[in-house]
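Undergrad: This is entry13.csv (CSV, C-alpha atoms).
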chain,number,residue,atom,x,y,z
A,1,ASP,CA,3.2,-15.3,18.8
A,2,GLN,CA,2.0,-13.7,15.5
A,3,GLN,CA,2.3,-10.0,16.1
A,4,VAL,CA,1.2,-9.1,12.6
A,5,LYS,CA,-1.7,-11.1,11.2
A,6,GLN,CA,-3.1,-11.4,7.7
A,7,ASN,CA,-6.1,-13.6,8.2
A,8,SER,CA,-7.0,-14.0,4.5
A,9,PRO,CA,-4.6,-16.4,2.8
A,10,SER,CA,-6.1,-15.5,-0.6
A,11,LEU,CA,-8.3,-13.0,-2.3
A,12,SER,CA,-9.7,-13.1,-5.9
A,13,VAL,CA,-11.2,-10.0,-7.6
A,14,GLN,CA,-12.2,-9.0,-11.1
A,15,GLU,CA,-10.1,-6.6,-13.1
A,16,GLY,CA,-11.3,-3.0,-12.6
A,17,ARG,CA,-12.8,-3.7,-9.2
A,18,ILE,CA,-11.4,-2.8,-5.8
A,19,SER,CA,-9.1,-5.1,-3.9
A,20,ILE,CA,-9.0,-4.7,-0.1
A,21,LEU,CA,-6.3,-6.5,1.8
A,22,ASN,CA,-6.5,-6.5,5.6
A,23,CYS,CA,-3.9,-6.7,8.4
A,24,ASP,CA,-4.1,-6.7,12.2
A,25,TYR,CA,-1.4,-6.2,14.7
A,26,THR,CA,-1.0,-6.8,18.4
A,27,ASN,CA,2.1,-4.9,19.4
A,28,SER,CA,1.2,-1.3,20.4
A,29,MET,CA,4.8,-0.3,20.0
A,30,PHE,CA,4.6,-0.6,16.3
A,31,ASP,CA,4.7,2.9,14.8
A,32,TYR,CA,5.3,2.4,11.1
A,33,PHE,CA,3.6,0.1,8.7
A,34,LEU,CA,4.5,-1.0,5.2
A,35,TRP,CA,3.0,-3.1,2.4
A,36,TYR,CA,5.2,-5.2,0.2
A,37,LYS,CA,4.3,-7.1,-3.0
A,38,LYS,CA,6.1,-10.3,-3.8
A,39,TYR,CA,6.3,-12.4,-7.0
A,40,PRO,CA,7.5,-16.0,-6.8
A,41,ALA,CA,11.3,-16.3,-6.8
A,42,GLU,CA,11.7,-12.6,-6.2
A,43,GLY,CA,12.3,-10.4,-3.2
A,44,PRO,CA,9.6,-8.3,-1.7
A,45,THR,CA,9.0,-4.9,-3.5
A,46,PHE,CA,7.9,-1.9,-1.4
A,47,LEU,CA,4.4,-0.6,-2.3
A,48,ILE,CA,3.3,2.0,0.3
A,49,SER,CA,3.7,2.8,3.9
A,50,ILE,CA,2.1,4.8,6.7
A,51,SER,CA,3.3,6.3,9.9
A,52,SER,CA,1.2,5.9,13.1
A,53,ILE,CA,0.6,9.6,13.2
A,54,LYS,CA,-1.5,9.4,10.1
A,55,ASP,CA,-4.7,7.5,9.2
A,56,LYS,CA,-4.4,7.4,5.5
A,57,ASN,CA,-1.8,7.5,2.8
A,58,GLU,CA,-2.4,7.4,-0.9
A,59,ASP,CA,-0.1,6.7,-3.9
A,60,GLY,CA,-1.8,6.4,-7.2
A,61,ARG,CA,-4.0,3.3,-7.2
A,62,PHE,CA,-2.8,2.3,-3.7
A,63,THR,CA,-4.3,3.6,-0.5
A,64,VAL,CA,-3.4,2.4,3.0
A,65,PHE,CA,-5.7,3.1,5.9
A,66,LEU,CA,-4.7,2.8,9.6
A,67,ASN,CA,-7.0,2.5,12.5
A,68,LYS,CA,-4.8,2.6,15.6
A,69,SER,CA,-7.5,2.0,18.1
A,70,ALA,CA,-8.5,-1.2,16.4
A,71,LYS,CA,-4.8,-2.0,15.6
A,72,HIS,CA,-5.9,-2.6,12.0
A,73,LEU,CA,-4.7,-1.5,8.6
A,74,SER,CA,-5.9,-2.1,5.1
A,75,LEU,CA,-4.6,-1.7,1.6
A,76,HIS,CA,-7.0,-0.7,-1.1
A,77,ILE,CA,-6.1,-1.1,-4.8
A,78,VAL,CA,-8.4,0.7,-7.2
A,79,PRO,CA,-8.8,-0.3,-10.0
A,80,SER,CA,-7.3,-3.7,-9.7
A,81,GLN,CA,-5.2,-4.9,-12.7
A,82,PRO,CA,-4.1,-8.5,-13.6
A,83,GLY,CA,-0.5,-7.4,-13.1
A,84,ASP,CA,-1.4,-6.8,-9.4
A,85,SER,CA,-1.7,-10.6,-8.9
A,86,ALA,CA,1.0,-11.4,-6.3
A,87,VAL,CA,1.5,-12.1,-2.6
A,88,TYR,CA,1.0,-9.0,-0.5
A,89,PHE,CA,2.8,-8.8,2.8
A,90,CYS,CA,1.9,-6.4,5.6
A,91,ALA,CA,4.9,-5.4,7.8
A,92,ALA,CA,5.3,-3.4,10.9
A,93,SER,CA,8.2,-1.7,12.5
A,94,ALA,CA,9.3,-0.2,15.9
A,95,ASP,CA,12.7,1.0,17.0
A,96,SER,CA,13.9,-1.9,19.1
A,97,GLY,CA,17.0,-0.1,20.3
A,98,GLY,CA,20.2,0.8,18.5
A,99,SER,CA,18.1,2.2,15.6
A,100,ASN,CA,17.1,-1.3,14.7
A,101,TYR,CA,14.0,-0.9,12.7
A,102,LYS,CA,13.5,-4.6,11.9
A,103,LEU,CA,10.3,-5.5,10.1
A,104,THR,CA,7.8,-7.9,11.5
A,105,PHE,CA,5.8,-9.5,8.6
A,106,GLY,CA,2.4,-11.1,8.3
A,107,LYS,CA,2.0,-14.4,6.5
A,108,GLY,CA,0.8,-12.7,3.3
A,109,THR,CA,-2.3,-12.7,1.2
A,110,LEU,CA,-2.3,-14.1,-2.4
A,111,LEU,CA,-4.2,-11.7,-4.6
A,112,THR,CA,-5.5,-12.9,-7.9
A,113,VAL,CA,-7.0,-10.4,-10.3
A,114,ASN,CA,-9.0,-12.0,-13.0
A,115,PRO,CA,-9.3,-10.4,-16.5
B,1,ASP,CA,23.2,0.8,-9.4
B,2,THR,CA,21.5,-2.6,-10.0
B,3,GLY,CA,20.0,-3.0,-6.5
B,4,VAL,CA,20.7,-5.6,-3.9
B,5,SER,CA,22.1,-8.8,-5.3
B,6,GLN,CA,22.3,-12.3,-3.7
B,7,ASN,CA,24.3,-15.3,-4.7
B,8,PRO,CA,23.6,-18.1,-5.3
B,9,ARG,CA,20.0,-17.8,-6.2
B,10,HIS,CA,19.4,-21.5,-5.5
B,11,LYS,CA,21.3,-24.0,-3.4
B,12,ILE,CA,20.6,-27.7,-2.9
B,13,THR,CA,22.7,-29.5,-0.3
B,14,LYS,CA,22.7,-32.6,1.7
B,15,ARG,CA,22.0,-32.6,5.4
B,16,GLY,CA,25.1,-32.0,7.4
B,17,GLN,CA,26.9,-29.9,4.8
B,18,ASN,CA,27.9,-26.3,5.3
B,19,VAL,CA,26.6,-23.6,3.0
B,20,THR,CA,27.4,-19.9,2.6
B,21,PHE,CA,25.3,-17.2,1.0
B,22,ARG,CA,26.4,-13.8,-0.1
B,23,CYS,CA,24.6,-10.5,-0.2
B,24,ASP,CA,25.8,-7.4,-2.0
B,25,PRO,CA,23.8,-4.4,-0.9
B,26,ILE,CA,23.4,-1.1,-2.7
B,27,SER,CA,26.8,0.5,-2.4
B,28,GLU,CA,26.0,3.5,-0.2
B,29,HIS,CA,23.7,1.6,2.1
B,30,ASN,CA,25.1,1.2,5.6
B,31,ARG,CA,22.4,-1.0,7.1
B,32,LEU,CA,21.9,-4.6,6.2
B,33,TYR,CA,19.4,-7.2,7.4
B,34,TRP,CA,19.0,-10.9,6.8
B,35,TYR,CA,15.5,-12.5,6.9
B,36,ARG,CA,14.3,-16.0,6.4
B,37,GLN,CA,11.1,-17.0,4.7
B,38,THR,CA,9.7,-20.5,5.1
B,39,LEU,CA,6.8,-21.9,3.1
B,40,GLY,CA,3.5,-20.2,4.0
B,41,GLN,CA,5.1,-17.7,6.3
B,42,GLY,CA,6.2,-14.1,6.0
B,43,PRO,CA,9.9,-13.2,6.2
B,44,GLU,CA,11.3,-13.4,9.7
B,45,PHE,CA,14.2,-11.3,11.0
B,46,LEU,CA,17.5,-13.1,11.5
B,47,THR,CA,20.2,-10.4,12.1
B,48,TYR,CA,21.1,-6.7,11.5
B,49,PHE,CA,24.3,-4.9,10.6
B,50,GLN,CA,25.1,-1.3,10.8
B,51,ASN,CA,28.2,-0.9,8.8
B,52,GLU,CA,30.4,-3.8,9.9
B,53,ALA,CA,28.9,-4.1,13.3
B,54,GLN,CA,26.4,-6.9,14.0
B,55,LEU,CA,24.0,-5.2,16.4
B,56,GLU,CA,21.2,-7.7,16.8
B,57,LYS,CA,20.7,-11.4,16.3
B,58,SER,CA,17.3,-13.2,16.4
B,59,ARG,CA,16.8,-16.2,18.6
B,60,LEU,CA,16.1,-18.0,15.3
B,61,LEU,CA,19.8,-17.7,14.6
B,62,SER,CA,21.2,-20.8,16.3
B,63,ASP,CA,24.9,-21.3,16.9
B,64,ARG,CA,25.0,-23.1,13.6
B,65,PHE,CA,24.4,-19.8,11.8
B,66,SER,CA,27.0,-17.1,11.5
B,67,ALA,CA,26.9,-13.8,9.6
B,68,GLU,CA,29.6,-11.3,8.8
B,69,ARG,CA,29.9,-8.0,7.1
B,70,PRO,CA,33.6,-7.3,6.7
B,71,LYS,CA,34.4,-3.6,5.9
B,72,GLY,CA,30.7,-2.8,6.0
B,73,SER,CA,30.2,-3.8,2.4
B,74,PHE,CA,28.9,-7.3,1.3
B,75,SER,CA,27.7,-9.7,3.9
B,76,THR,CA,27.8,-13.5,4.2
B,77,LEU,CA,25.5,-15.9,6.0
B,78,GLU,CA,26.9,-19.3,6.8
B,79,ILE,CA,25.0,-22.3,8.0
B,80,GLN,CA,27.0,-25.2,9.4
B,81,ARG,CA,25.7,-28.8,9.6
B,82,THR,CA,22.6,-28.0,7.7
B,83,GLU,CA,19.3,-29.6,8.7
B,84,GLN,CA,16.1,-30.1,6.7
B,85,GLY,CA,14.4,-27.4,8.8
B,86,ASP,CA,16.9,-24.9,7.3
B,87,SER,CA,15.2,-25.2,3.9
B,88,ALA,CA,13.9,-21.7,3.2
B,89,MET,CA,14.3,-18.5,1.2
B,90,TYR,CA,17.0,-16.3,2.7
B,91,LEU,CA,16.5,-12.6,2.0
B,92,CYS,CA,18.8,-9.7,2.4
B,93,ALA,CA,17.7,-6.1,2.6
B,94,SER,CA,19.7,-2.9,2.8
B,95,LYS,CA,19.1,0.8,3.4
B,96,TRP,CA,21.0,4.0,4.1
B,97,GLY,CA,20.5,5.8,7.3
B,98,GLY,CA,18.0,5.4,10.1
B,99,GLY,CA,14.3,5.2,10.3
B,100,PRO,CA,11.9,2.4,9.3
B,101,ALA,CA,11.5,3.1,5.6
B,102,GLY,CA,13.6,2.8,2.5
B,103,TRP,CA,14.4,-0.9,2.5
B,104,ASP,CA,15.6,-2.5,-0.7
B,105,PHE,CA,15.3,-6.3,-0.8
B,106,GLY,CA,17.4,-8.7,-2.8
B,107,PRO,CA,15.9,-11.6,-4.8
B,108,GLY,CA,16.8,-14.1,-2.1
B,109,THR,CA,18.6,-17.4,-2.0
B,110,ARG,CA,16.4,-20.5,-2.0
B,111,LEU,CA,18.0,-23.3,0.1
B,112,LEU,CA,16.8,-26.9,-0.1
B,113,VAL,CA,18.4,-29.3,2.4
B,114,LEU,CA,17.9,-33.0,1.4
What does the file become when written as structure tokens?

TA:
Amino acid sequence: DQQVKQNSPSLSVQEGRISILNCDYTNSMFDYFLWYKKYPAEGPTFLISISSIKDKNEDGRFTVFLNKSAKHLSLHIVPSQPGDSAVYFCAASADSGGSNYKLTFGKGTLLTVNP
Amino acid sequence: DTGVSQNPRHKITKRGQNVTFRCDPISEHNRLYWYRQTLGQGPEFLTYFQNEAQLEKSRLLSDRFSAERPKGSFSTLEIQRTEQGDSAMYLCASKWGGGPAGWDFGPGTRLLVL
């Protein structure tokens, strides 16, 4: 049962353009969402997050939008740079008791930014 | 502070052998998680420690797996009688305090079971 879904395995964009990565979730108990970037042979690196009480969070070139009614979030990268090329994971969290905020990840989207 | 470290970074073993991985979290972090990432999948939760107490284990963690965090510092994950299906990247993450944010991930240990 995939509770966090990233339906696009890959995305290719031109340098300078916008990259939009999408994520859907099914568990209505999730109340915090995160995006991670991962290079091969490295651990995930935190990018940006959003609480369920907000619908938008912005940090530099990265903006995350949350649509709770649709159980959908997206990550916008503007402008895209070749160094952004990596696998992007969407993750969601809910307190499952005992202050255990384990993360549930999607399968990831491979972003390639072409010069 | 050099972040979360994991050793070894790579491990190749034969089916049936035992392996042990180590995670050294950021020193002041009291919470530590283990995740497993298989090919084409996102990381999946394995187990969670708050200080030295193991508070939750995933159903993915069969009885061949055991994790410890003595003295609430480093953690070890042992797999006994490895199977080819255990081949994966094993990731460790740590943080200080409660809440859903602030996780630091280690670089992972890639296990290949032949």

Undergrad: Pull out every residue of chain B that has at least one atom within 10 Å of chain A, counting only C-alpha atoms, and report them as an MDAnalysis selection string.

TA: chainID B and resid 4 9:10 31 33:35 37:50 55:56 89:93 97:110

Undergrad: As an exercise, work out the distance from atom CA of Lys95 of chain B to atom CA of Ile79 of chain B in Å and give it to one decimal place.

TA: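 Atom CA of Lys95 of chain B sits 24.3 Å away from atom CA of Ile79 of chain B.
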
Undergrad: Around the point (22.7, -0.3, -4.3) in the file's coordinates, collect all residues with an atom within 6 Å, using only C-alpha atoms, and return them as a PyMOL selection string.

TA: chain B and resi 1+3-4+25-27

Undergrad: What gap, in Å, lies between atom CA of Thr63 of chain A and atom CA of His76 of chain A?

TA: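 These two atoms are separated by 5.1 Å.
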
Undergrad: Using all atoms listed in the file for the distances, tell me which of B:Arg64, B:His29, B:Arg22, B:Arg59 is nearest to Arg81 of chain B.

TA: B:Arg64

Undergrad: Given all atoms listed in the file as the basis, pick out the residue of B:Ser5, B:Arg36, B:Phe74, B:Gln80 nearest to Leu60 of chain B.

TA: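 For Leu60 of chain B, the nearest of the candidates is B:Arg36.
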
Undergrad: Using all atoms listed in the file, which of the listed residues (B:Glu28, B:Leu111, B:Asn18, B:Leu61) sits closest to Ser73 of chain B?

TA: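 Selected residue with least distance to Ser73 of chain B: B:Glu28.
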
Undergrad: For each of B:Ser87, B:Val19, B:Asn30, B:Leu114, take the minimum atom-to-atom distance to Phe65 of chain B, counting only C-alpha atoms, then give the residue where this is smallest.

TA: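 For Phe65 of chain B, the nearest of the given residues is B:Val19.
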
Undergrad: Using all atoms listed in the file, what residues lie at most 12 Å away from (38.6, -0.2, 8.2) (file coordinates), given as a list in words?

TA: Asn51, Glu52, Ala53, Arg69, Pro70, Lys71, Gly72 and Ser73 of chain B

Undergrad: So that I can check the surroundings of Leu75 of chain A, please list as a VMD selection string every protein, DNA and RNA residue that reaches within 8 Å of it, counting only C-alpha atoms and ignoring chain neighbours fewer than 2 positions away.

TA: chain A and resid 19 to 22 35 62 to 65 73 77

Undergrad: Can you work out the spacing between atom CA of Gln6 of chain B and atom CA of Leu111 of chain A in Å, to one decimal?

TA: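 Taking atom CA of Gln6 of chain B and atom CA of Leu111 of chain A, their separation equals 26.5 Å.
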
Undergrad: Can segment 41-57 of chain B be brought up to N, CA and C atoms and written out as a compact mmCIF listing (two decimals), keeping the file's coordinate frame?

TA:
# COMPACT_ATOMS: atom_id res chain seq x y z
N GLN B 41 4.85 -18.68 5.24
CA GLN B 41 5.10 -17.70 6.30
C GLN B 41 5.65 -16.40 5.64
N GLY B 42 5.58 -15.31 6.39
CA GLY B 42 6.20 -14.10 6.00
C GLY B 42 7.70 -14.13 6.35
N PRO B 43 8.49 -13.23 5.81
CA PRO B 43 9.90 -13.20 6.20
C PRO B 43 10.06 -12.93 7.70
N GLU B 44 11.07 -13.58 8.29
CA GLU B 44 11.30 -13.40 9.70
C GLU B 44 12.76 -12.88 9.90
N PHE B 45 12.91 -11.95 10.79
CA PHE B 45 14.20 -11.30 11.00
C PHE B 45 15.21 -12.28 11.58
N LEU B 46 16.43 -12.22 11.03
CA LEU B 46 17.50 -13.10 11.50
C LEU B 46 18.59 -12.21 12.22
N THR B 47 19.11 -11.20 11.49
CA THR B 47 20.20 -10.40 12.10
C THR B 47 20.32 -9.07 11.36
N TYR B 48 21.02 -8.14 12.00
CA TYR B 48 21.10 -6.70 11.50
C TYR B 48 22.53 -6.22 11.69
N PHE B 49 22.99 -5.57 10.64
CA PHE B 49 24.30 -4.90 10.60
C PHE B 49 24.16 -3.43 10.42
N GLN B 50 24.91 -2.68 11.16
CA GLN B 50 25.10 -1.30 10.80
C GLN B 50 26.57 -1.11 10.52
N ASN B 51 26.86 -0.82 9.29
CA ASN B 51 28.20 -0.90 8.80
C ASN B 51 28.76 -2.30 9.04
N GLU B 52 29.92 -2.46 9.67
CA GLU B 52 30.40 -3.80 9.90
C GLU B 52 30.00 -4.42 11.20
N ALA B 53 29.32 -3.67 12.02
CA ALA B 53 28.90 -4.10 13.30
C ALA B 53 27.60 -4.91 13.30
N GLN B 54 27.62 -6.13 13.84
CA GLN B 54 26.40 -6.90 14.00
C GLN B 54 25.72 -6.52 15.26
N LEU B 55 24.61 -5.81 15.18
CA LEU B 55 24.00 -5.20 16.40
C LEU B 55 22.90 -6.02 16.99
N GLU B 56 22.29 -6.93 16.24
CA GLU B 56 21.20 -7.70 16.80
C GLU B 56 21.14 -9.07 16.11
N LYS B 57 20.91 -10.12 16.88
CA LYS B 57 20.70 -11.40 16.30
C LYS B 57 19.39 -12.00 16.87
